[in-house]
>>> print(open('upload_25.pdb').read())   # PDB, C-alpha atoms, pLDDT in the B column
ATOM      1  CA  MET S 132      49.278  59.231 140.804  1.00 83.00           C
ATOM      2  CA  THR S 133      51.598  60.884 138.354  1.00 93.00           C
ATOM      3  CA  ALA S 134      50.597  63.382 135.704  1.00 92.00           C
ATOM      4  CA  ALA S 135      51.191  60.819 132.961  1.00 91.00           C
ATOM      5  CA  ASP S 136      48.864  58.325 134.695  1.00 91.00           C
ATOM      6  CA  ARG S 137      46.185  61.003 135.117  1.00 92.00           C
ATOM      7  CA  LEU S 138      46.520  62.019 131.461  1.00 92.00           C
ATOM      8  CA  GLU S 139      46.212  58.394 130.355  1.00 93.00           C
ATOM      9  CA  LEU S 140      43.117  57.967 132.561  1.00 92.00           C
ATOM     10  CA  HIS S 141      41.484  61.112 131.156  1.00 94.00           C
ATOM     11  CA  ILE S 142      42.226  60.089 127.578  1.00 93.00           C
ATOM     12  CA  GLY S 143      40.771  56.627 128.266  1.00 93.00           C
ATOM     13  CA  LEU S 144      37.605  58.140 129.769  1.00 92.00           C
ATOM     14  CA  ALA S 145      37.273  60.532 126.838  1.00 93.00           C
ATOM     15  CA  ALA S 146      37.614  57.591 124.433  1.00 93.00           C
ATOM     16  CA  VAL S 147      34.889  55.655 126.272  1.00 92.00           C
ATOM     17  CA  VAL S 148      32.568  58.669 126.193  1.00 91.00           C
ATOM     18  CA  LEU S 149      33.261  59.250 122.504  1.00 91.00           C
ATOM     19  CA  VAL S 150      32.664  55.604 121.577  1.00 90.00           C
ATOM     20  CA  THR S 151      29.442  55.560 123.607  1.00 90.00           C
ATOM     21  CA  TRP S 152      28.220  58.741 121.925  1.00 89.00           C
ATOM     22  CA  LEU S 153      29.055  57.373 118.472  1.00 88.00           C
ATOM     23  CA  ALA S 154      27.279  54.094 119.209  1.00 88.00           C
ATOM     24  CA  GLY S 155      24.170  55.968 120.367  1.00 87.00           C
ATOM     25  CA  SER S 156      24.279  58.197 117.312  1.00 89.00           C
ATOM     26  CA  PHE S 157      24.615  55.139 115.063  1.00 89.00           C
ATOM     27  CA  ALA S 158      21.659  53.453 116.768  1.00 87.00           C
ATOM     28  CA  ASP S 159      19.519  56.586 116.332  1.00 89.00           C
ATOM     29  CA  THR S 160      20.476  56.835 112.674  1.00 89.00           C
ATOM     30  CA  GLN S 161      19.755  53.161 112.129  1.00 90.00           C
ATOM     31  CA  THR S 162      16.324  53.504 113.759  1.00 92.00           C
ATOM     32  CA  ALA S 163      15.499  56.541 111.624  1.00 92.00           C
ATOM     33  CA  SER S 164      16.664  54.755 108.468  1.00 94.00           C
ATOM     34  CA  GLN S 165      14.535  51.722 109.300  1.00 95.00           C
ATOM     35  CA  ALA S 166      11.502  53.967 109.803  1.00 96.00           C
ATOM     36  CA  LEU S 167      12.095  55.578 106.397  1.00 96.00           C
ATOM     37  CA  LEU S 168      12.449  52.158 104.758  1.00 96.00           C
ATOM     38  CA  ASP S 169       9.219  50.953 106.370  1.00 97.00           C
ATOM     39  CA  ARG S 170       7.387  54.082 105.147  1.00 97.00           C
ATOM     40  CA  ARG S 171       8.765  53.618 101.627  1.00 96.00           C
ATOM     41  CA  ASN S 172       7.696  49.964 101.605  1.00 96.00           C
ATOM     42  CA  ARG S 173       4.176  50.889 102.740  1.00 97.00           C
ATOM     43  CA  LEU S 174       3.923  53.516  99.988  1.00 96.00           C
ATOM     44  CA  LEU S 175       5.178  51.067  97.368  1.00 97.00           C
ATOM     45  CA  PHE S 176       2.679  48.448  98.535  1.00 97.00           C
ATOM     46  CA  GLN S 177      -0.144  50.989  98.372  1.00 97.00           C
ATOM     47  CA  ALA S 178       0.951  52.107  94.893  1.00 97.00           C
ATOM     48  CA  GLU S 179       0.985  48.485  93.736  1.00 96.00           C
ATOM     49  CA  ARG S 180      -2.534  47.973  95.099  1.00 97.00           C
ATOM     50  CA  LEU S 181      -3.738  51.099  93.296  1.00 96.00           C
ATOM     51  CA  LYS S 182      -2.098  49.910  90.082  1.00 96.00           C
ATOM     52  CA  THR S 183      -3.883  46.562  90.391  1.00 96.00           C
ATOM     53  CA  LEU S 184      -7.192  48.287  91.149  1.00 96.00           C
ATOM     54  CA  ARG S 185      -6.774  50.487  88.084  1.00 96.00           C
ATOM     55  CA  ALA S 186      -6.093  47.463  85.879  1.00 95.00           C
ATOM     56  CA  MET S 187      -9.167  45.693  87.233  1.00 95.00           C
ATOM     57  CA  SER S 188     -11.296  48.817  86.709  1.00 95.00           C
ATOM     58  CA  VAL S 189     -10.143  49.139  83.109  1.00 93.00           C
ATOM     59  CA  ALA S 190     -10.991  45.499  82.480  1.00 92.00           C
ATOM     60  CA  VAL S 191     -14.465  45.836  84.005  1.00 92.00           C
ATOM     61  CA  ILE S 192     -15.172  49.061  82.106  1.00 90.00           C
ATOM     62  CA  HIS S 193     -14.103  47.388  78.881  1.00 87.00           C
ATOM     63  CA  GLU S 194     -16.332  44.366  79.485  1.00 85.00           C
ATOM     64  CA  VAL S 195     -19.323  46.519  80.431  1.00 85.00           C
ATOM     65  CA  SER S 196     -18.978  48.921  77.516  1.00 81.00           C
ATOM     66  CA  GLN S 197     -18.356  46.235  74.902  1.00 79.00           C
ATOM     67  CA  PRO S 198     -22.052  45.215  74.513  1.00 74.00           C
ATOM     68  CA  PHE S 199     -23.084  48.889  74.306  1.00 70.00           C
ATOM     69  CA  GLN S 200     -20.680  49.450  71.440  1.00 69.00           C
ATOM     70  CA  ARG S 201     -22.364  46.682  69.450  1.00 70.00           C
ATOM     71  CA  LEU S 202     -25.900  48.058  69.898  1.00 67.00           C
ATOM     72  CA  PRO S 203     -25.769  50.639  67.108  1.00 66.00           C
ATOM     73  CA  SER S 204     -24.373  48.084  64.639  1.00 64.00           C
ATOM     74  CA  ARG S 205     -27.010  45.491  65.607  1.00 61.00           C
ATOM     75  CA  ARG S 206     -29.805  48.042  65.368  1.00 59.00           C
ATOM     76  CA  HIS S 207     -28.561  48.957  61.949  1.00 58.00           C
ATOM     77  CA  THR S 208     -28.699  45.317  60.839  1.00 60.00           C
ATOM     78  CA  CYS S 209     -32.183  44.862  62.288  1.00 63.00           C
ATOM     79  CA  GLU S 210     -33.547  47.820  60.347  1.00 61.00           C
ATOM     80  CA  SER S 211     -32.237  46.468  57.027  1.00 56.00           C
TER      81      SER S 211
END
>>> encode(input="upload_25.pdb", output="structure tokens")
Amino acid sequence: MTAADRLELHIGLAAVVLVTWLAGSFADTQTASQALLDRRNRLLFQAERLKTLRAMSVAVIHEVSQPFQRLPSRRHTCES
């Protein structure tokens, strides 16, 4: 085997190792990115649920307090 053949073989092996390392690094990065996206989606879903719960609470509080706001005005009309 000549020196040129050995050099070509070593460069080919180095290229295979480099491509394999890059592919593994890409896969790790893709997995980490997917985990971050899943976490973000869970947080957004939870925030949306809390927003809906707040809107429902405001509506219930409004409906419950509405009759109590009329009591003083009705009492005033009953006394007249």
>>> atom_distance(input="upload_25.pdb", atom1="atom CA of S:Ala135", atom2="atom CA of S:Val150")
22.4 Å
>>> atom_distance(input="upload_25.pdb", atom1="atom CA of S:Ala186", atom2="atom CA of S:Phe199")
20.6 Å
>>> atom_distance(input="upload_25.pdb", atom1="atom CA of S:Leu140", atom2="atom CA of S:Gly155")
22.6 Å
>>> decode(input="upload_25.pdb", residues="stretch 155-166 of chain S", atoms="all heavy atoms", output="compact mmCIF listing (two decimals), in the first residue's frame")
# COMPACT_ATOMS: atom_id res chain seq x y z
N GLY S 155 -24.82 12.62 15.02
CA GLY S 155 -25.20 12.42 16.42
C GLY S 155 -25.47 13.74 17.12
O GLY S 155 -26.41 13.87 17.90
N SER S 156 -24.64 14.73 16.84
CA SER S 156 -24.83 16.04 17.44
C SER S 156 -26.14 16.66 16.97
O SER S 156 -26.87 17.26 17.76
CB SER S 156 -23.65 16.94 17.06
OG SER S 156 -23.85 18.24 17.56
N PHE S 157 -26.46 16.50 15.70
CA PHE S 157 -27.72 17.01 15.16
C PHE S 157 -28.91 16.32 15.82
O PHE S 157 -29.89 16.97 16.19
CB PHE S 157 -27.77 16.80 13.64
CG PHE S 157 -29.07 17.23 13.03
CD1 PHE S 157 -29.37 18.57 12.86
CD2 PHE S 157 -30.01 16.28 12.63
CE1 PHE S 157 -30.57 18.96 12.30
CE2 PHE S 157 -31.21 16.67 12.07
CZ PHE S 157 -31.49 18.02 11.90
N ALA S 158 -28.81 15.01 16.00
CA ALA S 158 -29.91 14.26 16.62
C ALA S 158 -30.10 14.71 18.07
O ALA S 158 -31.24 14.86 18.53
CB ALA S 158 -29.63 12.76 16.56
N ASP S 159 -29.00 14.93 18.79
CA ASP S 159 -29.11 15.40 20.18
C ASP S 159 -29.75 16.78 20.24
O ASP S 159 -30.60 17.05 21.08
CB ASP S 159 -27.73 15.45 20.84
CG ASP S 159 -27.12 14.07 21.04
OD1 ASP S 159 -27.88 13.07 20.99
OD2 ASP S 159 -25.90 13.99 21.25
N THR S 160 -29.33 17.65 19.33
CA THR S 160 -29.89 19.00 19.29
C THR S 160 -31.38 18.96 18.93
O THR S 160 -32.19 19.69 19.50
CB THR S 160 -29.12 19.87 18.27
OG1 THR S 160 -27.74 19.87 18.62
CG2 THR S 160 -29.63 21.27 18.24
N GLN S 161 -31.73 18.10 18.00
CA GLN S 161 -33.13 17.99 17.60
C GLN S 161 -33.98 17.45 18.76
O GLN S 161 -35.09 17.94 19.00
CB GLN S 161 -33.24 17.05 16.40
CG GLN S 161 -34.58 17.07 15.73
CD GLN S 161 -34.60 16.23 14.47
OE1 GLN S 161 -33.74 15.40 14.24
NE2 GLN S 161 -35.59 16.46 13.64
N THR S 162 -33.46 16.50 19.50
CA THR S 162 -34.18 15.96 20.66
C THR S 162 -34.37 17.04 21.74
O THR S 162 -35.46 17.18 22.30
CB THR S 162 -33.43 14.76 21.25
OG1 THR S 162 -33.27 13.78 20.22
CG2 THR S 162 -34.17 14.15 22.41
N ALA S 163 -33.31 17.80 21.99
CA ALA S 163 -33.40 18.87 22.98
C ALA S 163 -34.38 19.95 22.54
O ALA S 163 -35.17 20.46 23.34
CB ALA S 163 -32.02 19.47 23.23
N SER S 164 -34.36 20.29 21.26
CA SER S 164 -35.29 21.30 20.74
C SER S 164 -36.73 20.82 20.84
O SER S 164 -37.63 21.58 21.19
CB SER S 164 -34.97 21.62 19.29
OG SER S 164 -33.70 22.20 19.18
N GLN S 165 -36.97 19.55 20.56
CA GLN S 165 -38.31 19.00 20.67
C GLN S 165 -38.79 19.02 22.11
O GLN S 165 -39.96 19.33 22.38
CB GLN S 165 -38.35 17.57 20.12
CG GLN S 165 -39.73 16.99 20.02
CD GLN S 165 -40.62 17.77 19.06
OE1 GLN S 165 -40.19 18.14 17.98
NE2 GLN S 165 -41.85 18.02 19.45
N ALA S 166 -37.90 18.74 23.05
CA ALA S 166 -38.27 18.78 24.47
C ALA S 166 -38.63 20.21 24.88
O ALA S 166 -39.60 20.41 25.62
CB ALA S 166 -37.13 18.25 25.32
